[in-house]
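Data block for my_file04.tsv (TSV, C-alpha atoms and all ligand atoms):
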```tsv
chain	number	residue	atom	x	y	z
A	1	MET	CA	71.32	-58.03	92.18
A	2	ARG	CA	72.18	-57.98	95.85
A	3	LEU	CA	72.89	-54.48	97.11
A	4	VAL	CA	74.47	-53.99	100.53
A	5	ALA	CA	75.23	-50.75	102.37
A	6	HIS	CA	77.42	-50.87	105.44
A	7	ARG	CA	77.71	-47.96	107.88
A	8	LEU	CA	76.98	-45.60	105.03
A	9	GLY	CA	77.31	-41.90	105.79
A	10	LYS	CA	77.49	-38.51	104.12
A	11	THR	CA	78.65	-35.14	105.35
A	12	TYR	CA	78.51	-32.44	102.67
A	13	ARG	CA	81.32	-29.93	102.57
A	14	GLN	CA	80.56	-26.83	104.65
A	15	ALA	CA	77.59	-28.59	106.25
A	16	ASP	CA	76.86	-28.55	109.97
A	17	GLY	CA	76.95	-32.32	110.31
A	18	PRO	CA	76.18	-35.58	108.59
A	19	VAL	CA	72.94	-35.82	106.59
A	20	VAL	CA	73.13	-39.63	106.37
A	21	ARG	CA	74.50	-41.52	109.34
A	22	GLY	CA	75.71	-45.10	109.66
A	23	ILE	CA	73.12	-46.80	107.47
A	24	ASP	CA	73.16	-50.59	107.24
A	25	LEU	CA	70.92	-51.92	104.53
A	26	GLU	CA	70.61	-55.13	102.57
A	27	VAL	CA	68.51	-55.27	99.41
A	28	PRO	CA	68.16	-58.82	98.14
A	29	ASP	CA	67.38	-59.83	94.54
A	30	GLY	CA	63.89	-58.79	93.59
A	31	ALA	CA	63.19	-56.73	96.72
A	32	PHE	CA	60.82	-53.76	96.39
A	33	LEU	CA	61.56	-51.12	99.04
A	34	ALA	CA	60.00	-47.71	99.60
A	35	LEU	CA	61.96	-44.94	101.25
A	36	MET	CA	59.96	-42.29	103.09
A	37	GLY	CA	60.69	-39.41	105.42
A	38	ARG	CA	60.08	-35.69	105.47
A	39	SER	CA	61.88	-33.26	103.20
A	40	GLY	CA	65.55	-32.93	104.15
A	41	SER	CA	65.74	-36.27	105.98
A	42	GLY	CA	68.39	-37.54	103.55
A	43	LYS	CA	66.38	-39.71	101.12
A	44	SER	CA	67.89	-38.39	97.89
A	45	THR	CA	71.39	-38.38	99.35
A	46	LEU	CA	71.01	-42.00	100.41
A	47	LEU	CA	69.56	-43.04	97.03
A	48	GLY	CA	72.38	-41.16	95.27
A	49	MET	CA	75.06	-42.99	97.27
A	50	LEU	CA	73.42	-46.37	96.65
A	51	ALA	CA	73.17	-45.53	92.93
A	52	GLY	CA	76.83	-44.53	92.61
A	53	ILE	CA	76.08	-40.84	92.00
A	54	VAL	CA	76.82	-39.21	95.39
A	55	ARG	CA	80.17	-40.11	96.94
A	56	PRO	CA	79.84	-41.31	100.55
A	57	THR	CA	82.08	-39.88	103.26
A	58	ALA	CA	81.74	-43.04	105.38
A	59	GLY	CA	80.98	-46.69	104.86
A	60	THR	CA	80.54	-48.85	101.76
A	61	VAL	CA	78.06	-49.85	99.07
A	62	SER	CA	78.43	-53.13	97.22
A	63	TYR	CA	76.73	-54.69	94.19
A	64	ASP	CA	76.96	-58.51	94.27
A	65	GLY	CA	80.00	-58.14	96.49
A	66	VAL	CA	81.76	-55.49	94.37
A	67	ASP	CA	82.68	-52.40	96.43
A	68	LEU	CA	81.15	-49.64	94.29
A	69	TRP	CA	83.06	-46.70	95.72
A	70	ALA	CA	86.45	-48.47	95.68
A	71	LEU	CA	86.29	-48.58	91.86
A	72	THR	CA	87.83	-45.98	89.58
A	73	ASP	CA	85.36	-43.42	88.24
A	74	SER	CA	85.25	-45.05	84.82
A	75	ARG	CA	84.68	-48.56	86.18
A	76	ARG	CA	81.98	-47.29	88.52
A	77	SER	CA	80.30	-45.47	85.61
A	78	ARG	CA	80.33	-48.65	83.58
A	79	LEU	CA	78.90	-50.72	86.43
A	80	ARG	CA	76.17	-48.11	86.94
A	81	ALA	CA	75.35	-48.05	83.23
A	82	THR	CA	75.12	-51.81	82.89
A	83	ARG	CA	73.59	-52.82	86.25
A	84	THR	CA	71.39	-49.94	87.39
A	85	ALA	CA	68.68	-47.71	85.99
A	86	THR	CA	66.96	-44.60	87.33
A	87	VAL	CA	63.43	-43.26	87.04
A	88	PHE	CA	62.69	-39.68	88.03
A	89	GLN	CA	59.56	-37.67	88.75
A	90	ASP	CA	60.04	-35.61	85.56
A	91	TYR	CA	60.66	-38.64	83.26
A	92	ASN	CA	63.99	-37.40	81.82
A	93	LEU	CA	63.05	-38.32	78.25
A	94	LEU	CA	64.70	-36.62	75.30
A	95	GLU	CA	61.96	-34.48	73.74
A	96	GLU	CA	63.35	-34.60	70.21
A	97	LEU	CA	63.42	-38.42	70.10
A	98	SER	CA	60.44	-40.76	69.70
A	99	ALA	CA	59.44	-43.17	72.46
A	100	ALA	CA	61.16	-46.07	70.69
A	101	GLU	CA	64.30	-43.98	70.10
A	102	ASN	CA	64.43	-43.00	73.78
A	103	ILE	CA	64.36	-46.68	74.70
A	104	ARG	CA	66.99	-47.61	72.13
A	105	LEU	CA	69.30	-44.80	73.27
A	106	GLY	CA	68.97	-45.89	76.92
A	107	ALA	CA	69.70	-49.48	75.97
A	108	ARG	CA	72.72	-48.45	73.90
A	109	LEU	CA	74.16	-46.45	76.82
A	110	ALA	CA	73.67	-49.56	78.97
A	111	ARG	CA	75.54	-51.55	76.32
A	112	ARG	CA	72.54	-53.66	75.40
A	113	PRO	CA	71.57	-52.36	71.96
A	114	LEU	CA	68.01	-53.09	70.86
A	115	THR	CA	66.43	-53.29	67.41
A	116	ARG	CA	63.40	-51.15	66.65
A	117	GLU	CA	61.26	-54.30	66.95
A	118	GLU	CA	62.68	-55.00	70.42
A	119	ALA	CA	62.01	-51.41	71.49
A	120	ASP	CA	58.43	-51.76	70.24
A	121	ALA	CA	58.10	-55.00	72.24
A	122	ALA	CA	59.40	-53.17	75.35
A	123	LEU	CA	56.67	-50.56	74.81
A	124	GLU	CA	54.07	-53.27	74.41
A	125	ARG	CA	55.09	-54.72	77.78
A	126	VAL	CA	54.22	-51.42	79.48
A	127	GLY	CA	50.90	-51.16	77.65
A	128	LEU	CA	52.02	-48.72	74.97
A	129	ALA	CA	51.76	-50.90	71.86
A	130	GLY	CA	51.83	-48.87	68.67
A	131	LEU	CA	53.08	-45.64	70.27
A	132	GLY	CA	56.78	-46.11	69.38
A	133	SER	CA	56.83	-43.23	66.90
A	134	LYS	CA	55.27	-40.69	69.27
A	135	ARG	CA	57.44	-37.98	70.76
A	136	PRO	CA	57.13	-37.28	74.50
A	137	ASP	CA	55.08	-34.10	73.90
A	138	GLU	CA	52.47	-36.25	72.14
A	139	LEU	CA	52.06	-38.47	75.21
A	140	SER	CA	50.32	-38.00	78.57
A	141	GLY	CA	52.36	-37.84	81.78
A	142	GLY	CA	51.45	-41.41	82.68
A	143	GLN	CA	52.44	-42.62	79.22
A	144	ARG	CA	55.75	-40.73	79.42
A	145	GLN	CA	56.58	-42.34	82.73
A	146	ARG	CA	55.77	-45.74	81.23
A	147	VAL	CA	58.24	-45.00	78.41
A	148	ALA	CA	60.83	-44.09	81.06
A	149	ILE	CA	60.16	-47.39	82.84
A	150	ALA	CA	60.36	-49.34	79.57
A	151	ARG	CA	63.69	-47.61	78.95
A	152	ALA	CA	64.91	-48.44	82.47
A	153	LEU	CA	63.93	-52.10	82.17
A	154	ALA	CA	65.13	-52.58	78.58
A	155	SER	CA	68.71	-52.95	79.80
A	156	SER	CA	67.74	-55.70	82.29
A	157	PRO	CA	69.24	-53.82	85.27
A	158	GLY	CA	69.90	-55.51	88.59
A	159	VAL	CA	68.36	-52.58	90.43
A	160	VAL	CA	66.08	-49.65	89.58
A	161	PHE	CA	66.28	-46.44	91.63
A	162	ALA	CA	63.10	-44.40	91.44
A	163	ASP	CA	62.88	-40.93	93.04
A	164	GLU	CA	59.19	-39.94	93.33
A	165	PRO	CA	58.18	-41.80	90.14
A	166	THR	CA	54.51	-40.92	90.63
A	167	GLY	CA	55.10	-37.38	91.90
A	168	ALA	CA	53.71	-35.73	88.74
A	169	LEU	CA	50.94	-38.25	88.01
A	170	ASP	CA	47.29	-38.58	88.89
A	171	GLU	CA	46.27	-41.48	91.10
A	172	ARG	CA	45.24	-43.77	88.28
A	173	SER	CA	48.33	-43.43	86.06
A	174	GLY	CA	50.46	-43.53	89.22
A	175	ALA	CA	48.96	-46.92	90.08
A	176	VAL	CA	49.84	-48.26	86.61
A	177	VAL	CA	53.45	-47.09	86.99
A	178	ILE	CA	53.75	-48.66	90.44
A	179	GLU	CA	52.34	-51.95	89.20
A	180	LEU	CA	55.04	-51.99	86.50
A	181	LEU	CA	57.74	-51.50	89.15
A	182	ALA	CA	56.18	-54.23	91.32
A	183	ARG	CA	56.14	-56.55	88.32
A	184	ALA	CA	59.82	-55.83	87.62
A	185	ALA	CA	60.60	-56.73	91.24
A	186	ARG	CA	58.66	-59.99	90.95
A	187	ALA	CA	60.81	-60.77	87.88
A	188	GLY	CA	63.98	-60.32	89.98
A	189	THR	CA	64.98	-56.67	89.53
A	190	SER	CA	65.44	-54.94	92.88
A	191	VAL	CA	63.51	-51.66	93.17
A	192	LEU	CA	64.28	-48.81	95.56
A	193	MET	CA	61.70	-46.07	95.43
A	194	VAL	CA	61.41	-42.73	97.24
A	195	THR	CA	57.84	-41.55	97.74
A	196	HIS	CA	55.76	-39.27	99.95
A	197	ASP	CA	52.53	-41.10	99.18
A	198	PRO	CA	51.43	-43.83	101.63
A	199	ALA	CA	49.18	-45.41	98.97
A	200	VAL	CA	52.19	-45.71	96.64
A	201	ALA	CA	54.54	-46.96	99.38
A	202	ALA	CA	52.00	-49.64	100.27
A	203	ALA	CA	52.84	-51.42	96.99
A	204	ALA	CA	56.36	-52.11	98.32
A	205	GLN	CA	57.33	-55.14	100.39
A	206	GLU	CA	58.86	-52.94	103.02
A	207	VAL	CA	58.85	-49.26	103.94
A	208	LEU	CA	61.89	-47.58	105.48
A	209	VAL	CA	61.30	-44.28	107.23
A	210	LEU	CA	64.30	-41.97	107.31
A	211	ARG	CA	64.69	-39.25	109.90
A	212	ASP	CA	67.73	-37.01	110.24
A	213	GLY	CA	69.79	-39.44	108.19
A	214	VAL	CA	68.99	-42.65	110.05
A	215	ILE	CA	66.44	-45.37	109.39
A	216	GLU	CA	64.04	-44.80	112.19
A	217	GLU	CA	61.34	-47.34	111.30
A	218	ARG	CA	60.94	-50.34	109.06
A	219	LEU	CA	57.50	-51.61	108.16
A	220	SER	CA	57.11	-55.00	106.49
A	221	ARG	CA	54.06	-55.84	104.40
A	222	PRO	CA	52.83	-52.27	104.78
A	223	THR	CA	49.32	-51.00	104.26
A	224	ALA	CA	48.50	-47.39	103.41
A	225	ALA	CA	46.70	-47.03	106.74
A	226	ARG	CA	49.66	-48.27	108.79
A	227	ILE	CA	52.07	-46.05	106.83
A	228	SER	CA	49.88	-42.96	107.30
A	229	HIS	CA	49.58	-43.73	110.97
A	230	LEU	CA	53.33	-44.11	111.33
A	231	THR	CA	54.29	-40.98	109.41
A	232	ALA	CA	51.52	-38.92	111.06
A	233	ALA	CA	52.69	-40.04	114.52
A	234	ARG	CA	56.21	-38.86	113.65
A	235	GLU	CA	54.95	-35.50	112.47
A	236	GLY	CA	53.02	-35.14	115.72
A	237	GLU	CA	56.10	-35.91	117.75
A	238	ARG	CA	57.99	-33.04	116.17
A	239	ALA	CA	55.20	-30.52	116.71
A	301	LIG	N1	74.91	-30.97	97.39
A	301	LIG	C1	74.60	-30.62	98.65
A	301	LIG	N2	75.42	-29.82	99.37
A	301	LIG	C2	75.14	-29.47	100.64
A	301	LIG	N3	74.04	-29.90	101.32
A	301	LIG	C3	73.19	-30.70	100.66
A	301	LIG	C4	73.41	-31.12	99.30
A	301	LIG	N4	72.39	-31.93	98.93
A	301	LIG	C5	71.56	-32.00	99.98
A	301	LIG	N5	72.02	-31.29	101.03
A	301	LIG	C6	71.40	-31.18	102.35
A	301	LIG	O1	71.33	-32.47	102.92
A	301	LIG	C7	70.11	-32.66	103.64
A	301	LIG	C8	69.39	-33.87	103.08
A	301	LIG	O2	68.97	-33.59	101.74
A	301	LIG	P1	68.29	-34.67	100.81
A	301	LIG	O3	69.13	-35.88	100.77
A	301	LIG	O4	67.99	-34.00	99.51
A	301	LIG	O5	66.93	-34.98	101.59
A	301	LIG	P2	65.49	-35.44	101.05
A	301	LIG	O6	65.66	-36.07	99.72
A	301	LIG	O7	64.99	-36.36	102.11
A	301	LIG	O8	64.64	-34.20	100.99
A	301	LIG	C9	69.34	-31.35	103.50
A	301	LIG	O9	69.56	-30.58	104.65
A	301	LIG	C10	69.96	-30.70	102.29
A	301	LIG	O10	69.89	-29.30	102.36
A	302	MG	MG	64.80	-35.63	97.84
```

Could you rewrite the structure in this file as structure tokens?
Ligand SMILES: Nc1ncnc2c1ncn2[C@@H]1O[C@H](COP(=O)(O)OP(=O)(O)O)[C@@H](O)[C@H]1O
Ligand SMILES: [Mg+2]
Amino acid sequence: MRLVAHRLGKTYRQADGPVVRGIDLEVPDGAFLALMGRSGSGKSTLLGMLAGIVRPTAGTVSYDGVDLWALTDSRRSRLRATRTATVFQDYNLLEELSAAENIRLGARLARRPLTREEADAALERVGLAGLGSKRPDELSGGQRQRVAIARALASSPGVVFADEPTGALDERSGAVVIELLARAARAGTSVLMVTHDPAVAAAAQEVLVLRDGVIEERLSRPTAARISHLTAAREGERA
């Protein structure tokens, strides 16, 4: 799915000024982008506007040419449910449902119902064969996040929004999760990921660094070393 933002901005009510300012961004099919920037720079607000969750106060967001924020609330909700998926740091799984049931519920909400066998196959694709009956509290953090990714991908979304997907994971399970997102991107699903970790961001095709609501730097074919250098230089500038 092609996602385009044009002059996108957000000023919260009772705020001093805009927290996102005039962002132009084009995310082609199958792109894998990482969004970085210090706390408060506007990353979550930007992701929320792109995902159809936070209403912009300026500019537009479009999915394959459809102006997301010009739609009625119910049409926008439906487009979000069928074309997008989200992955969060804390997994957002329902604790009382099994892994397979979590995936089937997500797919049903996205209007792509799955059989139990299909849910098991989705788990197998993220390396969790045979764990469909386990509840989240019987799984490790890395396994839970893989269930969340299986759930996100089960509805064949055009774009996945991931806010700190490895934030609660150790390095090794984080790397597995990131490889799954990279694989989804190679298969044509666009991925937009917020992260603080240069090693994680290095898996993306491009890194965007946000500062005070504007994209201050873009780094193509990033390496962890170049990202660290860039973000460290910015920190130094502020000091
Ligand atoms: N709902 C809200 N109402 C008012 N201000 C908000 C709201 N959400 C975020 N902000 C403010 O907007 C700025 C950017 O926040 P955010 O987008 O969460 O940044 P980041 O994700 O980069 O930490 C911060 O100053 C934050 O306090
Ligand atoms: Mg945030």

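If you look at atom CA of Val20 of chain A and atom CA of Leu68 of chain A, they are 17.6 Å away from each other.
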
| task | Return as JSON, numbers by chain the residues of protein, DNA or RNA that approach ligand MG 302 (chain A) to within 10 Å, with only C-alpha atoms and all ligand atoms taken into account. | result | {"A": [36, 37, 38, 39, 40, 41, 42, 43, 44, 45, 46, 47, 48, 163, 164, 194, 195, 196]}

Provide an axis-aligned box for all listed atoms of segment 170-178 of chain A, padding each side by 4 Å; report its centre and its edge lengths in Å to one decimal, as JSON.
```
{"center_x": 49.5, "center_y": -43.6, "center_z": 88.6, "size_x": 16.5, "size_y": 18.1, "size_z": 13.0}
```

Fewer than 6 positions away in the same chain doesn't count, so skip those; otherwise give me all residues within 12 Å of Arg146 of chain A, counting all atoms listed in the file, as a VMD selection string.
chain A and resid 87 to 93 99 to 100 102 to 103 122 to 129 131 to 132 136 139 to 140 152 to 154 165 to 166 169 173 to 181

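Interatomic distance, atom CA of Glu138 of chain A against atom CA of Val160 of chain A: 25.9 Å.
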
query = Hey, what's within 12 Å of Leu105 of chain A if we count only C-alpha atoms and toss same-chain stuff fewer than 6 positions away? As a list in words, please?
reply = Leu93, Leu94, Leu97, Ser98, Ala99, Arg111, Arg112, Pro113, Leu114, Thr115, Arg116, Ala119, Ala148, Ala150, Arg151, Ala152, Ala154 and Ser155 of chain A

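Between atom CA of Leu210 of chain A and atom CA of Ala225 of chain A the separation is 18.3 Å.
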
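Nearest residue to ligand LIG 301 (chain A) among A:Thr82, A:Glu96, A:Ile215, A:Val61 is A:Ile215, counting only C-alpha atoms and all ligand atoms.
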
Nearest to ligand LIG 301 (chain A), restricted to only C-alpha atoms and all ligand atoms and choosing among A:Asp170, A:Glu206, A:Asp212, A:Asp67, comes out as A:Asp212

**Residue neighbourhood segment 71-74 of chain A, 12 Å, only C-alpha atoms, exclusion window fewer than 5 positions, as a list in words** = Gly52, Ile53, Val54, Arg55, Thr60, Val61, Ser62, Tyr63, Val66, Leu79, Arg80 and Ala81 of chain A

Just the selected residues (C-alpha atoms), exported as a PDB file, in the frame of the given file, please.
```
ATOM      1  CA  GLY A  52      76.830 -44.530  92.610  1.00  0.00           C
ATOM      2  CA  ILE A  53      76.080 -40.840  92.000  1.00  0.00           C
ATOM      3  CA  VAL A  54      76.820 -39.210  95.390  1.00  0.00           C
ATOM      4  CA  ARG A  55      80.170 -40.110  96.940  1.00  0.00           C
ATOM      5  CA  THR A  60      80.540 -48.850 101.760  1.00  0.00           C
ATOM      6  CA  VAL A  61      78.060 -49.850  99.070  1.00  0.00           C
ATOM      7  CA  SER A  62      78.430 -53.130  97.220  1.00  0.00           C
ATOM      8  CA  TYR A  63      76.730 -54.690  94.190  1.00  0.00           C
ATOM      9  CA  VAL A  66      81.760 -55.490  94.370  1.00  0.00           C
ATOM     10  CA  LEU A  79      78.900 -50.720  86.430  1.00  0.00           C
ATOM     11  CA  ARG A  80      76.170 -48.110  86.940  1.00  0.00           C
ATOM     12  CA  ALA A  81      75.350 -48.050  83.230  1.00  0.00           C
TER      13      ALA A  81
END
```

- Message: as JSON, numbers by chain, please: the residues near His6 of chain A (cut-off 8 Å, all atoms listed in the file, same-chain neighbours under 6 positions excluded).
- Response: {"A": [22, 23, 24, 25, 59, 60, 61]}

Phe161 of chain A surroundings by all atoms listed in the file, 6 Å radius, close-in-sequence under 5 positions cut, as a ChimeraX atom specification:
/A:86,192-193

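Comparing A:Ala31, A:Val214, A:Ala184, A:Ala168 by their smallest distance to ligand LIG 301 (chain A), the closest is A:Val214 (using only C-alpha atoms and all ligand atoms).
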
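Each of A:Pro56, A:Gly30, A:Gly65, A:Gly158 was compared to ligand LIG 301 (chain A) using only C-alpha atoms and all ligand atoms, and A:Pro56 turns out to be the nearest.
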
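When only C-alpha atoms and all ligand atoms are used to measure the gap to ligand LIG 301 (chain A), the shortest distance among A:Gly9, A:Pro18, A:Pro28, A:Pro222 belongs to A:Pro18.
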
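If only C-alpha atoms and all ligand atoms are the atoms counted, then among A:Ser133, A:Thr11, A:Ser77, A:Gln145 the closest residue to ligand LIG 301 (chain A) is A:Thr11.
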
How would segment 2-13 of chain A look with all heavy atoms restored, written as a tab-separated table (two decimals), keeping the file's coordinate frame?
```tsv
chain	number	residue	atom	x	y	z
A	2	ARG	N	72.20	-58.21	94.42
A	2	ARG	CA	72.18	-57.98	95.85
A	2	ARG	C	72.96	-56.70	96.16
A	2	ARG	O	74.14	-56.59	95.83
A	2	ARG	CB	72.82	-59.18	96.56
A	2	ARG	CG	72.82	-59.10	98.07
A	2	ARG	CD	73.13	-60.49	98.65
A	2	ARG	NE	73.34	-60.40	100.08
A	2	ARG	CZ	74.54	-60.19	100.63
A	2	ARG	NH1	75.62	-60.08	99.86
A	2	ARG	NH2	74.66	-60.12	101.94
A	3	LEU	N	72.28	-55.77	96.79
A	3	LEU	CA	72.89	-54.48	97.11
A	3	LEU	C	73.04	-54.43	98.63
A	3	LEU	O	72.09	-54.69	99.37
A	3	LEU	CB	71.99	-53.36	96.61
A	3	LEU	CG	72.45	-51.91	96.77
A	3	LEU	CD1	71.75	-51.04	95.74
A	3	LEU	CD2	72.14	-51.38	98.16
A	4	VAL	N	74.24	-54.09	99.09
A	4	VAL	CA	74.47	-53.99	100.53
A	4	VAL	C	75.15	-52.66	100.86
A	4	VAL	O	76.12	-52.28	100.23
A	4	VAL	CB	75.36	-55.16	101.04
A	4	VAL	CG1	75.62	-55.02	102.54
A	4	VAL	CG2	74.71	-56.50	100.74
A	5	ALA	N	74.59	-51.96	101.84
A	5	ALA	CA	75.23	-50.75	102.37
A	5	ALA	C	75.68	-51.05	103.79
A	5	ALA	O	74.96	-51.69	104.56
A	5	ALA	CB	74.25	-49.59	102.37
A	6	HIS	N	76.89	-50.61	104.11
A	6	HIS	CA	77.42	-50.87	105.44
A	6	HIS	C	77.92	-49.55	106.04
A	6	HIS	O	78.80	-48.90	105.48
A	6	HIS	CB	78.55	-51.89	105.34
A	6	HIS	CG	79.15	-52.25	106.67
A	6	HIS	ND1	78.41	-52.82	107.69
A	6	HIS	CD2	80.41	-52.11	107.14
A	6	HIS	CE1	79.20	-53.02	108.73
A	6	HIS	NE2	80.42	-52.60	108.42
A	7	ARG	N	77.32	-49.18	107.15
A	7	ARG	CA	77.71	-47.96	107.88
A	7	ARG	C	77.86	-46.76	106.96
A	7	ARG	O	78.82	-45.97	107.07
A	7	ARG	CB	79.02	-48.19	108.64
A	7	ARG	CG	78.86	-49.28	109.66
A	7	ARG	CD	79.99	-49.28	110.65
A	7	ARG	NE	79.75	-50.25	111.70
A	7	ARG	CZ	80.57	-50.47	112.71
A	7	ARG	NH1	81.68	-49.77	112.82
A	7	ARG	NH2	80.29	-51.36	113.63
A	8	LEU	N	76.90	-46.62	106.06
A	8	LEU	CA	76.98	-45.60	105.03
A	8	LEU	C	76.67	-44.22	105.60
A	8	LEU	O	75.69	-44.04	106.33
A	8	LEU	CB	75.97	-45.96	103.93
A	8	LEU	CG	76.07	-45.22	102.61
A	8	LEU	CD1	77.44	-45.43	101.97
A	8	LEU	CD2	74.96	-45.71	101.68
A	9	GLY	N	77.53	-43.25	105.28
A	9	GLY	CA	77.31	-41.90	105.79
A	9	GLY	C	77.73	-40.83	104.81
A	9	GLY	O	78.52	-41.07	103.90
A	10	LYS	N	77.14	-39.64	104.98
A	10	LYS	CA	77.49	-38.51	104.12
A	10	LYS	C	77.48	-37.22	104.91
A	10	LYS	O	76.50	-36.88	105.58
A	10	LYS	CB	76.48	-38.39	102.97
A	10	LYS	CG	76.73	-37.20	102.06
A	10	LYS	CD	77.99	-37.37	101.22
A	10	LYS	CE	78.22	-36.20	100.28
A	10	LYS	NZ	79.46	-36.39	99.48
A	11	THR	N	78.58	-36.51	104.85
A	11	THR	CA	78.65	-35.14	105.35
A	11	THR	C	79.04	-34.26	104.17
A	11	THR	O	80.10	-34.47	103.59
A	11	THR	CB	79.72	-35.00	106.46
A	11	THR	OG1	79.42	-35.95	107.50
A	11	THR	CG2	79.74	-33.60	107.05
A	12	TYR	N	78.17	-33.34	103.78
A	12	TYR	CA	78.51	-32.44	102.67
A	12	TYR	C	79.54	-31.44	103.16
A	12	TYR	O	79.58	-31.09	104.34
A	12	TYR	CB	77.27	-31.71	102.16
A	12	TYR	CG	76.34	-32.58	101.36
A	12	TYR	CD1	75.10	-32.97	101.87
A	12	TYR	CD2	76.69	-33.01	100.08
A	12	TYR	CE1	74.24	-33.77	101.12
A	12	TYR	CE2	75.83	-33.82	99.33
A	12	TYR	CZ	74.61	-34.19	99.86
A	12	TYR	OH	73.76	-34.98	99.13
A	13	ARG	N	80.36	-30.97	102.23
A	13	ARG	CA	81.32	-29.93	102.57
A	13	ARG	C	80.59	-28.69	103.10
A	13	ARG	O	79.53	-28.34	102.60
A	13	ARG	CB	82.11	-29.55	101.32
A	13	ARG	CG	83.58	-29.98	101.43
A	13	ARG	CD	84.29	-29.74	100.14
A	13	ARG	NE	84.43	-31.01	99.42
A	13	ARG	CZ	85.06	-31.14	98.27
A	13	ARG	NH1	85.58	-30.09	97.68
A	13	ARG	NH2	85.16	-32.31	97.71
```
